[in-house]
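Okay, run18.tsv is below, TSV, C-alpha atoms:
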chain	number	residue	atom	x	y	z
A	924	MET	CA	49.86	128.23	97.41
A	925	MET	CA	50.23	130.54	100.42
A	926	LYS	CA	47.87	129.86	103.28
A	927	ILE	CA	45.62	132.66	104.53
A	928	ALA	CA	45.16	133.34	108.23
A	929	HIS	CA	41.65	132.34	109.30
A	930	PHE	CA	42.18	132.35	113.06
A	931	PRO	CA	43.56	135.04	115.39
A	932	TRP	CA	46.49	132.82	116.39
A	933	GLN	CA	47.75	132.51	112.80
A	934	ASP	CA	50.23	134.84	111.16
A	935	PRO	CA	49.50	136.40	107.73
A	936	THR	CA	50.83	133.27	105.98
A	937	GLY	CA	48.47	131.00	107.91
A	938	ARG	CA	51.14	129.52	110.18
A	939	PHE	CA	50.54	129.08	113.91
A	940	SER	CA	51.94	132.01	115.91
A	941	THR	CA	52.67	131.61	119.61
A	942	PHE	CA	53.07	135.37	119.86
A	943	LYS	CA	49.55	136.02	118.53
A	944	LEU	CA	48.04	133.22	120.63
A	945	VAL	CA	49.46	134.71	123.83
A	946	VAL	CA	48.08	138.14	122.91
A	947	PHE	CA	44.70	136.64	121.98
A	948	VAL	CA	44.40	134.90	125.37
A	949	ALA	CA	45.56	138.05	127.20
A	950	LEU	CA	42.83	140.11	125.54
A	951	PHE	CA	40.14	138.01	127.20
A	952	ALA	CA	41.85	137.76	130.58
A	953	PRO	CA	40.04	140.87	131.98
A	954	ALA	CA	36.63	139.39	131.08
A	955	ALA	CA	37.59	136.07	132.67
A	956	TRP	CA	38.80	137.87	135.82
A	957	VAL	CA	35.57	139.84	136.18
A	958	ALA	CA	33.52	136.69	135.56
A	959	TRP	CA	35.45	134.87	138.29
A	960	ARG	CA	34.91	137.77	140.72
A	961	TRP	CA	31.18	137.65	139.93
A	962	SER	CA	31.10	133.90	140.59
A	963	VAL	CA	32.54	134.40	144.10
A	964	ASN	CA	30.41	137.47	144.89
A	965	ASP	CA	33.40	139.83	144.89
A	966	LEU	CA	31.91	142.69	142.86
A	967	GLY	CA	30.44	144.72	145.68
A	968	ALA	CA	26.86	145.67	146.47
A	969	ARG	CA	25.99	146.36	142.81
A	970	PRO	CA	27.71	143.62	140.78
A	971	LEU	CA	25.89	144.46	137.53
A	972	MET	CA	27.06	148.09	137.61
A	973	GLU	CA	30.61	147.01	138.43
A	974	MET	CA	30.65	144.61	135.48
A	975	LEU	CA	29.22	147.35	133.24
A	976	HIS	CA	31.93	149.75	134.41
A	977	GLN	CA	34.73	147.21	133.92
A	978	ALA	CA	33.54	146.33	130.41
A	979	GLY	CA	33.51	149.99	129.41
A	980	LEU	CA	36.90	150.60	130.99
A	981	TRP	CA	38.52	147.75	129.09
A	982	ALA	CA	36.79	148.81	125.88
A	983	ILE	CA	38.49	152.21	125.92
A	984	ARG	CA	41.79	150.71	127.10
A	985	PHE	CA	41.90	148.30	124.16
A	986	LEU	CA	40.71	150.98	121.75
A	987	LEU	CA	43.65	153.18	122.77
A	988	LEU	CA	45.97	150.17	122.65
A	989	SER	CA	44.89	149.52	119.06
A	990	LEU	CA	45.76	153.15	118.26
A	991	LEU	CA	49.14	152.71	119.95
A	992	ILE	CA	50.21	149.84	117.69
A	993	SER	CA	51.10	152.01	114.69
A	994	PRO	CA	53.22	154.48	116.75
A	995	ALA	CA	54.87	151.56	118.58
A	996	ARG	CA	55.73	149.95	115.25
A	997	THR	CA	57.43	153.18	114.17
A	998	ILE	CA	59.22	154.01	117.42
A	999	LEU	CA	60.31	150.48	118.34
A	1000	ARG	CA	61.06	149.39	114.75
A	1001	MET	CA	58.78	146.35	115.11
A	1002	PRO	CA	56.66	145.84	111.96
A	1003	ARG	CA	55.38	142.57	113.44
A	1004	LEU	CA	53.19	144.55	115.84
A	1005	MET	CA	50.88	145.48	112.96
A	1006	GLN	CA	49.65	141.87	112.94
A	1007	LEU	CA	47.95	142.62	116.27
A	1008	ARG	CA	46.02	145.76	115.33
A	1009	ARG	CA	42.89	144.06	114.00
A	1010	MET	CA	42.82	141.62	116.89
A	1011	VAL	CA	43.13	144.35	119.52
A	1012	GLY	CA	40.55	146.49	117.72
A	1013	MET	CA	38.09	143.60	117.71
A	1014	ALA	CA	38.74	143.08	121.42
A	1015	ALA	CA	37.80	146.73	122.00
A	1016	PHE	CA	34.56	146.09	120.11
A	1017	PHE	CA	33.89	142.94	122.15
A	1018	TYR	CA	34.18	144.83	125.44
A	1019	ALA	CA	32.11	147.73	124.06
A	1020	LEU	CA	29.42	145.24	123.01
A	1021	LEU	CA	29.53	143.69	126.47
A	1022	HIS	CA	29.28	147.18	128.00
A	1023	VAL	CA	26.17	147.99	125.94
A	1024	SER	CA	24.64	144.57	126.62
A	1025	LEU	CA	25.02	145.03	130.36
A	1026	PHE	CA	23.43	148.47	130.03
A	1027	LEU	CA	20.42	146.83	128.35
A	1028	VAL	CA	20.25	144.29	131.17
A	1029	ASP	CA	20.37	147.12	133.72
A	1030	GLN	CA	17.43	148.74	131.91
A	1031	LYS	CA	15.63	145.36	131.98
A	1032	PHE	CA	15.31	145.50	128.18
A	1033	VAL	CA	12.46	148.01	128.45
A	1034	LEU	CA	12.59	149.68	125.02
A	1035	GLY	CA	10.94	152.94	126.07
A	1036	LYS	CA	13.33	153.36	128.99
A	1037	ILE	CA	16.35	152.56	126.83
A	1038	LEU	CA	15.34	155.06	124.13
A	1039	HIS	CA	14.71	157.73	126.77
A	1040	GLU	CA	18.18	157.22	128.29
A	1041	VAL	CA	19.89	157.30	124.88
A	1042	ALA	CA	17.98	160.38	123.74
A	1043	PHE	CA	18.06	162.52	126.88
A	1044	ASN	CA	21.14	161.44	128.81
A	1045	PHE	CA	23.97	163.21	126.99
A	1046	TYR	CA	26.84	160.95	128.03
A	1047	ILE	CA	24.84	157.87	127.02
A	1048	THR	CA	24.01	159.51	123.67
A	1049	ILE	CA	27.72	160.06	123.05
A	1050	GLY	CA	28.65	156.56	124.17
A	1051	PHE	CA	25.96	154.92	122.02
A	1052	THR	CA	27.02	156.98	118.98
A	1053	GLY	CA	30.60	155.83	119.47
A	1054	PHE	CA	29.44	152.22	119.80
A	1055	LEU	CA	27.48	152.35	116.53
A	1056	ALA	CA	30.51	153.77	114.74
A	1057	LEU	CA	32.70	151.05	116.26
A	1058	LEU	CA	30.16	148.47	115.11
A	1059	VAL	CA	30.61	149.69	111.53
A	1060	LEU	CA	34.39	149.40	111.79
A	1061	ALA	CA	34.14	145.91	113.30
A	1062	ALA	CA	31.77	144.81	110.52
A	1063	THR	CA	34.23	146.04	107.87
A	1064	SER	CA	37.42	144.76	109.46
A	1065	SER	CA	37.78	141.64	107.31
A	1066	ASN	CA	39.93	141.18	104.22
A	1067	ALA	CA	36.72	140.64	102.23
A	1068	ALA	CA	35.49	144.09	103.31
A	1069	ILE	CA	38.80	145.66	102.23
A	1070	ARG	CA	38.45	144.06	98.79
A	1071	ALA	CA	34.79	145.10	98.49
A	1072	LEU	CA	35.36	148.73	99.53
A	1073	GLY	CA	38.78	149.19	97.97
A	1074	ARG	CA	41.77	149.88	100.17
A	1075	LEU	CA	41.58	153.69	99.86
A	1076	ARG	CA	37.87	153.93	100.76
A	1077	TRP	CA	38.34	151.34	103.50
A	1078	GLN	CA	41.21	153.33	105.00
A	1079	LYS	CA	39.21	156.57	104.91
A	1080	LEU	CA	36.31	154.82	106.65
A	1081	HIS	CA	38.56	153.46	109.37
A	1082	TYR	CA	39.98	156.90	110.12
A	1083	ALA	CA	36.69	157.23	112.02
A	1084	VAL	CA	38.44	155.40	114.86
A	1085	TYR	CA	39.96	158.75	115.90
A	1086	GLY	CA	36.50	160.24	116.34
A	1087	ILE	CA	35.40	157.12	118.20
A	1088	GLY	CA	38.35	157.53	120.56
A	1089	LEU	CA	37.34	161.13	121.22
A	1090	LEU	CA	33.71	160.14	121.88
A	1091	ALA	CA	34.85	157.35	124.20
A	1092	ALA	CA	37.05	159.76	126.19
A	1093	ILE	CA	34.21	162.30	126.52
A	1094	HIS	CA	31.73	159.57	127.49
A	1095	PHE	CA	34.12	158.35	130.18
A	1096	LEU	CA	34.65	161.87	131.53
A	1097	LEU	CA	30.94	162.71	131.65
A	1098	GLN	CA	29.96	159.55	133.50
A	1099	SER	CA	32.81	159.79	136.02
A	1100	LYS	CA	30.99	162.31	138.22
A	1101	LEU	CA	33.50	163.90	140.64
A	1102	ASP	CA	36.52	161.58	140.47
A	1103	ILE	CA	37.84	161.70	136.91
A	1104	THR	CA	41.30	160.25	137.59
A	1105	GLU	CA	40.93	157.19	135.36
A	1106	ALA	CA	39.02	159.12	132.70
A	1107	ALA	CA	41.65	161.88	132.65
A	1108	LEU	CA	44.36	159.24	132.28
A	1109	MET	CA	42.63	157.73	129.23
A	1110	ALA	CA	42.11	161.23	127.81
A	1111	GLY	CA	45.81	161.97	128.32
A	1112	PHE	CA	46.88	158.86	126.44
A	1113	PHE	CA	44.46	159.79	123.64
A	1114	ILE	CA	46.03	163.26	123.49
A	1115	TRP	CA	49.51	161.70	123.09
A	1116	LEU	CA	48.26	159.39	120.33
A	1117	MET	CA	46.67	162.26	118.41
A	1118	LEU	CA	49.72	164.51	118.83
A	1119	PHE	CA	51.92	161.72	117.50
A	1120	ARG	CA	49.76	161.44	114.38
A	1121	ALA	CA	49.73	165.21	113.94
A	1122	LEU	CA	53.54	165.24	114.00
A	1123	ARG	CA	53.68	162.31	111.60
A	1124	ALA	CA	51.45	164.20	109.17
A	1125	ARG	CA	54.07	166.98	109.20
A	1126	ASP	CA	56.84	164.45	108.41
A	1127	LEU	CA	58.72	165.12	111.64
A	1128	PRO	CA	61.39	162.57	112.70
A	1129	LEU	CA	59.32	160.46	115.12
A	1130	ARG	CA	62.22	158.17	115.95
A	1131	ASN	CA	64.14	161.15	117.30
A	1132	THR	CA	64.30	160.87	121.08
A	1133	LEU	CA	64.20	164.64	121.65
A	1134	VAL	CA	61.05	164.95	119.54
A	1135	LEU	CA	59.41	162.12	121.49
A	1136	LEU	CA	60.42	163.65	124.83
A	1137	ALA	CA	58.96	167.00	123.75
A	1138	LEU	CA	55.81	165.16	122.72
A	1139	ALA	CA	55.66	163.50	126.14
A	1140	CYS	CA	55.94	166.83	127.96
A	1141	THR	CA	53.32	168.46	125.72
A	1142	ALA	CA	50.83	165.62	126.20
A	1143	ALA	CA	51.36	165.67	129.97
A	1144	ALA	CA	50.87	169.45	130.13
A	1145	LEU	CA	47.67	169.26	128.09
A	1146	THR	CA	46.40	166.43	130.31
A	1147	ALA	CA	47.03	168.52	133.43
A	1148	LEU	CA	45.28	171.53	131.90
A	1149	ALA	CA	42.31	169.42	130.77
A	1150	GLU	CA	41.92	167.87	134.22
A	1151	ALA	CA	42.23	171.23	135.96
A	1152	GLY	CA	39.74	172.83	133.59
A	1153	TRP	CA	37.27	170.01	134.15
A	1154	TYR	CA	37.41	170.30	137.93
A	1155	ALA	CA	37.15	174.09	137.70
A	1156	ALA	CA	34.03	173.86	135.54
A	1157	LYS	CA	32.36	171.09	137.56
A	1158	THR	CA	33.30	171.90	141.16
A	1159	GLY	CA	34.66	175.44	141.15
A	1160	VAL	CA	38.08	174.29	142.39
A	1161	MET	CA	40.75	176.76	141.32
A	1162	VAL	CA	42.79	175.65	138.31
A	1163	GLU	CA	46.03	176.49	140.12
A	1164	ARG	CA	45.23	174.07	142.96
A	1165	VAL	CA	44.67	171.14	140.60
A	1166	LEU	CA	47.80	171.97	138.63
A	1167	TYR	CA	49.82	172.17	141.86
A	1168	ALA	CA	48.46	168.76	142.89
A	1169	ASN	CA	50.37	167.25	139.96
A	1170	LEU	CA	53.60	168.14	141.79
A	1171	ASP	CA	52.54	166.56	145.08
A	1172	ILE	CA	53.02	162.78	145.09
A	1173	ARG	CA	51.97	162.21	148.71
A	1174	PHE	CA	48.53	161.10	147.55
A	1175	GLY	CA	49.66	159.24	144.44
A	1176	LEU	CA	50.57	160.24	140.91
A	1177	ARG	CA	48.12	162.38	138.96
A	1178	PRO	CA	47.05	161.38	135.39
A	1179	ALA	CA	49.38	163.94	133.80
A	1180	VAL	CA	52.36	162.43	135.61
A	1181	TRP	CA	51.39	158.93	134.49
A	1182	VAL	CA	51.08	160.15	130.90
A	1183	LEU	CA	54.53	161.74	131.16
A	1184	CYS	CA	56.08	158.57	132.64
A	1185	VAL	CA	54.57	156.25	130.02
A	1186	ALA	CA	55.40	158.57	127.11
A	1187	VAL	CA	58.99	159.04	128.30
A	1188	SER	CA	59.32	155.26	128.71
A	1189	ILE	CA	58.20	154.78	125.11
A	1190	ALA	CA	60.75	157.34	123.95
A	1191	LEU	CA	63.56	155.65	125.89
A	1192	ALA	CA	62.48	152.21	124.66
A	1193	GLY	CA	62.71	153.51	121.11
A	1194	LEU	CA	66.19	154.88	121.83
A	1195	LEU	CA	67.39	151.56	123.22
A	1196	ARG	CA	65.75	149.60	120.42
A	1197	GLY	CA	67.36	151.78	117.78
A	1198	GLU	CA	70.90	151.71	119.13
A	1199	GLY	CA	73.29	150.19	116.65
A	1200	LYS	CA	70.66	149.98	113.91
A	1201	THR	CA	70.94	151.73	110.58
A	1202	PRO	CA	67.65	153.28	109.48
A	1203	ILE	CA	66.24	151.90	106.24
A	1204	ARG	CA	65.74	154.60	103.62
A	1205	ALA	CA	62.97	154.51	101.10
A	1206	PRO	CA	64.01	154.62	97.42
A	1207	GLU	CA	64.35	158.10	95.97
A	1208	GLY	CA	61.12	159.58	94.76
A	1209	THR	CA	58.96	157.37	96.95
A	1210	ARG	CA	57.23	158.00	100.25
A	1211	PRO	CA	56.52	155.29	102.82
A	1212	ARG	CA	52.83	154.39	103.14
A	1213	ARG	CA	51.32	155.50	106.42
A	1214	SER	CA	48.71	153.57	108.32
A	1215	ALA	CA	46.17	154.70	110.86

Using C-alpha cells, write down the structure that the file contains.
Amino acid sequence: MMKIAHFPWQDPTGRFSTFKLVVFVALFAPAAWVAWRWSVNDLGARPLMEMLHQAGLWAIRFLLLSLLISPARTILRMPRLMQLRRMVGMAAFFYALLHVSLFLVDQKFVLGKILHEVAFNFYITIGFTGFLALLVLAATSSNAAIRALGRLRWQKLHYAVYGIGLLAAIHFLLQSKLDITEAALMAGFFIWLMLFRALRARDLPLRNTLVLLALACTAAALTALAEAGWYAAKTGVMVERVLYANLDIRFGLRPAVWVLCVAVSIALAGLLRGEGKTPIRAPEGTRPRRSA
C-alpha cells in the first residue's frame, strides 16, 4: 500500500524528502530572524510595529511565491515544484495570521477599537477581507477538503487566491504612505503573474523565450505606469518625472527595473533549462490540465 504524506517534509508517496525539508525550514527562517532581532533589541524604537510590518511583508512575498510555482513549473520544466505549492501557501497564511495577531496586540485586544479600525480604516478593511479569504483557503487546503468539495468545486474556490493577491497588493500600497518602493515591487510581480495566466488562458506558447521577454517588458512598463500614477495622485509629482527616474540608476533600481530583471532572468532560465530537451506532446484530442 502506498504511503500518504502526513508531514511537510514528505513527498506525495510518504517518503522523506530532503528537498521539501530544506524548503520547509527556509519558510520559517524570516520569522526566526525577526524573533532573534527582537531578543537583542534590534527592531528600532517601535519593535511591535516593525514585527507587524515584517510579518505582513513576508505574507505577501510567500503568497506571490505560491503563485509563481505553477509558472515556474511550466517555464523550467520542473513538475516537482508543484509539491511545494501547498506548503508555501500555508506559510503565507502563517505570516498573515502573525500579522493580524500583532495588529490585535497593538490594539491591546480592545474589541471596540479593533472593530472601528477594520470598519473605518480602508486599507485595514481591505487587508482584513483578504485575510478572511486566505483563512478559508487555508482551512480547505487538505486532501480531505478536496475529497469533500470535489476537485472542480475546490479548484474554483481556490481561484480566489488571485483576488487575495490583488487585495494584498492594494493593502500594501495604501499603508505605505509616501515611499511605495517595496509595495510597487510586489504589485509589479503580481502583474507579471496575472499576465502569465492571461496568456496561458489564450494557449500562447509560454515556453517561448520571445513571448516571455515580451511579457517581462509589458509587466515592467505597467509597473512603472502604476508607480508613476500613484505618486501623481498622492503627491502631485508629474508622471514624466517618475517614469524618467526608472532610467536613472544613481539612486538605486526602481521597482519596474527589478520586475524586468527578474522576469528576464526567468525567461533565460527557461531557455537554458529547455536546451536539448524535446517537448512532450499530449495525445491527440486531449488538452493538458491547467492548475492555478

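The shortest atom-to-atom distance to Glu1150 in chain A, with all atoms listed in the file taken into account, belongs to A:Pro1178 out of A:Pro1002, A:Pro1178, A:Gly1086, A:Gly937.
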
Non-local contacts of range 1090-1101 of chain A (7 Å; all atoms listed in the file; under 3 positions in same chain excluded) as a PyMOL selection string:
chain A and resi 983+1046+1049-1050+1053+1086-1087+1106+1109-1110

Looking at only C-alpha atoms, which of A:Ala1019, A:Leu1080, A:Asp1029, A:Ala1155 is the one that sits closest to Arg969 in chain A?
A:Asp1029

Go ahead and compute the interatomic distance for CA of Phe1113 in chain A and CA of Leu1145 in chain A, in Å to one decimal.
10.9 Å

My list of candidates is A:Thr1063, A:Phe1119, A:Arg1009, A:Ile1047. Which is closest to Arg1076 in chain A when distances are computed with only C-alpha atoms?
A:Thr1063

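As for CA of Trp1115 in chain A and CA of Ala952 in chain A, they are spaced 26.2 Å apart.
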
Using only C-alpha atoms, pick whichever of A:Trp932, A:Phe1112, A:Phe1026, A:Tyr1154 has the shortest atom-to-atom distance to Leu988 in chain A.
A:Phe1112

Can you tell me, as AutoDock Vina command-line options, the centre and edge lengths (Å, one decimal) of the axis-aligned box enclosing all of range 930-948 of chain A's listed atoms after padding each side by 4 Å?
--center_x 47.6 --center_y 133.6 --center_z 115.7 --size_x 18.9 --size_y 17.1 --size_z 27.4

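Take the candidates A:Ser1024, A:Ala1071, A:Gly1035, A:Ser940 and check each one against Arg1003 in chain A using all atoms listed in the file; the shortest distance goes to A:Ser940.
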
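Restricting the calculation to all atoms listed in the file, the smallest distance between Ile992 in chain A and any of A:Ile1189, A:Val948, A:Ala955, A:Thr1104 is found for A:Ile1189.
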
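The gap separating CA of Arg984 in chain A from CA of Thr1048 in chain A is 20.1 Å, in Å to one decimal.
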
Your completed range 1049-1060 of chain A with all heavy atoms, as a tab-separated table (two decimals), in the frame of the given file:
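Final file, result-v2.tsv:
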chain	number	residue	atom	x	y	z
A	1049	ILE	N	26.36	160.07	123.61
A	1049	ILE	CA	27.72	160.06	123.05
A	1049	ILE	C	28.29	158.65	123.00
A	1049	ILE	O	28.86	158.21	122.00
A	1049	ILE	CB	28.64	160.99	123.88
A	1049	ILE	CG1	28.26	162.44	123.64
A	1049	ILE	CG2	30.11	160.76	123.51
A	1049	ILE	CD1	29.06	163.41	124.46
A	1050	GLY	N	28.13	157.91	124.11
A	1050	GLY	CA	28.65	156.56	124.17
A	1050	GLY	C	27.99	155.65	123.14
A	1050	GLY	O	28.67	154.84	122.47
A	1051	PHE	N	26.67	155.77	122.97
A	1051	PHE	CA	25.96	154.92	122.02
A	1051	PHE	C	26.35	155.28	120.58
A	1051	PHE	O	26.48	154.39	119.74
A	1051	PHE	CB	24.45	155.08	122.20
A	1051	PHE	CG	23.65	154.01	121.51
A	1051	PHE	CD1	23.68	152.71	121.95
A	1051	PHE	CD2	22.88	154.33	120.40
A	1051	PHE	CE1	22.94	151.72	121.31
A	1051	PHE	CE2	22.14	153.36	119.75
A	1051	PHE	CZ	22.17	152.04	120.21
A	1052	THR	N	26.56	156.56	120.31
A	1052	THR	CA	27.02	156.98	118.98
A	1052	THR	C	28.38	156.37	118.66
A	1052	THR	O	28.62	155.86	117.56
A	1052	THR	CB	27.10	158.51	118.91
A	1052	THR	OG1	25.82	159.08	119.19
A	1052	THR	CG2	27.56	158.97	117.53
A	1053	GLY	N	29.29	156.43	119.65
A	1053	GLY	CA	30.60	155.83	119.47
A	1053	GLY	C	30.52	154.33	119.24
A	1053	GLY	O	31.25	153.77	118.41
A	1054	PHE	N	29.60	153.67	119.96
A	1054	PHE	CA	29.44	152.22	119.80
A	1054	PHE	C	28.96	151.87	118.41
A	1054	PHE	O	29.45	150.92	117.78
A	1054	PHE	CB	28.47	151.67	120.84
A	1054	PHE	CG	28.10	150.23	120.60
A	1054	PHE	CD1	29.01	149.21	120.83
A	1054	PHE	CD2	26.85	149.90	120.10
A	1054	PHE	CE1	28.68	147.89	120.57
A	1054	PHE	CE2	26.51	148.58	119.85
A	1054	PHE	CZ	27.43	147.57	120.08
A	1055	LEU	N	27.98	152.62	117.88
A	1055	LEU	CA	27.48	152.35	116.53
A	1055	LEU	C	28.58	152.53	115.49
A	1055	LEU	O	28.69	151.73	114.54
A	1055	LEU	CB	26.29	153.27	116.22
A	1055	LEU	CG	25.01	153.01	117.01
A	1055	LEU	CD1	23.93	154.01	116.61
A	1055	LEU	CD2	24.51	151.58	116.79
A	1056	ALA	N	29.40	153.55	115.67
A	1056	ALA	CA	30.51	153.77	114.74
A	1056	ALA	C	31.52	152.63	114.84
A	1056	ALA	O	32.05	152.14	113.82
A	1056	ALA	CB	31.18	155.11	115.03
A	1057	LEU	N	31.78	152.17	116.06
A	1057	LEU	CA	32.70	151.05	116.26
A	1057	LEU	C	32.14	149.78	115.66
A	1057	LEU	O	32.89	148.95	115.12
A	1057	LEU	CB	32.97	150.86	117.76
A	1057	LEU	CG	34.11	149.91	118.15
A	1057	LEU	CD1	35.43	150.38	117.56
A	1057	LEU	CD2	34.21	149.80	119.66
A	1058	LEU	N	30.82	149.62	115.73
A	1058	LEU	CA	30.16	148.47	115.11
A	1058	LEU	C	30.41	148.43	113.61
A	1058	LEU	O	30.69	147.38	113.03
A	1058	LEU	CB	28.66	148.51	115.41
A	1058	LEU	CG	27.77	147.46	114.73
A	1058	LEU	CD1	28.17	146.06	115.17
A	1058	LEU	CD2	26.30	147.71	115.04
A	1059	VAL	N	30.35	149.60	112.97
A	1059	VAL	CA	30.61	149.69	111.53
A	1059	VAL	C	32.05	149.28	111.22
A	1059	VAL	O	32.30	148.52	110.27
A	1059	VAL	CB	30.34	151.11	111.01
A	1059	VAL	CG1	30.79	151.26	109.56
A	1059	VAL	CG2	28.85	151.45	111.14
A	1060	LEU	N	32.98	149.75	112.03
A	1060	LEU	CA	34.39	149.40	111.79
A	1060	LEU	C	34.62	147.91	112.01
A	1060	LEU	O	35.38	147.28	111.27
A	1060	LEU	CB	35.30	150.22	112.71
A	1060	LEU	CG	35.28	151.74	112.53
A	1060	LEU	CD1	36.48	152.37	113.23
A	1060	LEU	CD2	35.26	152.13	111.06
